[in-house]
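The next block holds one structure in the form of structure tokens; read it before the comments.
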Amino acid sequence: MVYKCSVFGCKGNYASGQKVSIFKFPKDPKLSKIWETRVMRENFKPTTSSRICELHFRKEDVLRETEYFDENTDHTSFSS
């Protein structure tokens, strides 16, 4: 399933929009409430399917990590 951004007017991951990384709403109630207001949709309440895309965060707020498994050594490596 391809999730789409919940922010009003955003086309993140829509057929006509940019393909982007998306994030679930936080479990912390205070932080989730902040995200809800940033969606800019009247009476919006996030569901388990609601997401916000990377376009609504500062670059330094998104931590990217890559995981690599080497089958020869059975070792997993991470990089950011």
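Within each chain, counting starts at residue 1; across the structure tokens, chains are named A, B, ... in the order shown, with ligands numbered 1 upward in that order.
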As JSON, numbers by chain, which residues of chain A does DSSP assign to strand (DSSP E)?
-> {"A": [22, 23, 24, 51, 52, 53, 66, 67, 68, 69, 70, 75, 76, 77, 78, 79]}
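Across segment 10-77 of chain A, DSSP run on the backbone finds alpha helix (DSSP H) at Pro29, Lys30, Leu31, Ser32, Lys33, Ile34, Trp35, Glu36, Thr37 and Arg38 of chain A.
The smallest atom-to-atom distance between Glu42 of chain A and any of A:Val20, A:Val7, A:Val62, A:Val2, using only C-alpha atoms, is found for A:Val7.
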Interatomic distance between atom CA of Glu65 of chain A and atom CA of Pro26 of chain A?
-> 18.7 Å
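Among the candidates A:Phe69, A:His56, A:Tyr14, A:Asp28, the one nearest to Met40 of chain A when counting only C-alpha atoms is A:His56.
As for atom CA of Thr37 of chain A and atom CA of Phe8 of chain A, they are spaced 10.8 Å apart.
Atom CA of Phe25 of chain A is positioned 7.3 Å from atom CA of Pro46 of chain A.
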Ser50 of chain A: which residues within 10 Å, counting only C-alpha atoms, same-chain residues fewer than 5 positions away excluded, as a VMD selection string?
-> chain A and resid 3 to 7 22 to 25 45
Write the residues of the selection above to a file with N, CA, C and O atoms, as a short mmCIF file (atom, residue, chain, number, x, y, z; two decimals), in the first residue's frame.
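Final output, result.cif:
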```cif
data_model
loop_
_atom_site.label_atom_id
_atom_site.label_comp_id
_atom_site.auth_asym_id
_atom_site.auth_seq_id
_atom_site.Cartn_x
_atom_site.Cartn_y
_atom_site.Cartn_z
N TYR A 3 1.12 4.95 0.95
CA TYR A 3 0.46 5.96 1.78
C TYR A 3 0.66 7.33 1.17
O TYR A 3 1.69 7.61 0.55
N LYS A 4 -0.32 8.19 1.36
CA LYS A 4 -0.27 9.55 0.84
C LYS A 4 -0.22 10.53 2.01
O LYS A 4 -0.66 10.21 3.10
N CYS A 5 0.31 11.69 1.76
CA CYS A 5 0.45 12.71 2.80
C CYS A 5 -0.91 13.28 3.17
O CYS A 5 -1.75 13.56 2.31
N SER A 6 -1.11 13.49 4.48
CA SER A 6 -2.39 14.01 4.99
C SER A 6 -2.47 15.53 4.99
O SER A 6 -3.53 16.09 5.21
N VAL A 7 -1.34 16.21 4.76
CA VAL A 7 -1.32 17.67 4.82
C VAL A 7 -2.15 18.25 3.67
O VAL A 7 -2.02 17.83 2.52
N ILE A 22 7.38 8.82 4.01
CA ILE A 22 6.28 9.26 4.85
C ILE A 22 6.48 8.74 6.27
O ILE A 22 7.21 7.78 6.49
N PHE A 23 5.80 9.40 7.22
CA PHE A 23 5.97 9.08 8.63
C PHE A 23 4.62 8.95 9.32
O PHE A 23 3.71 9.75 9.07
N LYS A 24 4.51 7.95 10.21
CA LYS A 24 3.31 7.78 11.02
C LYS A 24 3.23 8.89 12.05
O LYS A 24 4.24 9.45 12.46
N PHE A 25 2.01 9.17 12.49
CA PHE A 25 1.84 10.13 13.56
C PHE A 25 2.45 9.57 14.84
O PHE A 25 2.36 8.37 15.10
N LYS A 45 -8.59 14.22 12.45
CA LYS A 45 -8.16 13.29 13.49
C LYS A 45 -7.39 12.16 12.79
O LYS A 45 -7.95 11.49 11.94
#
```
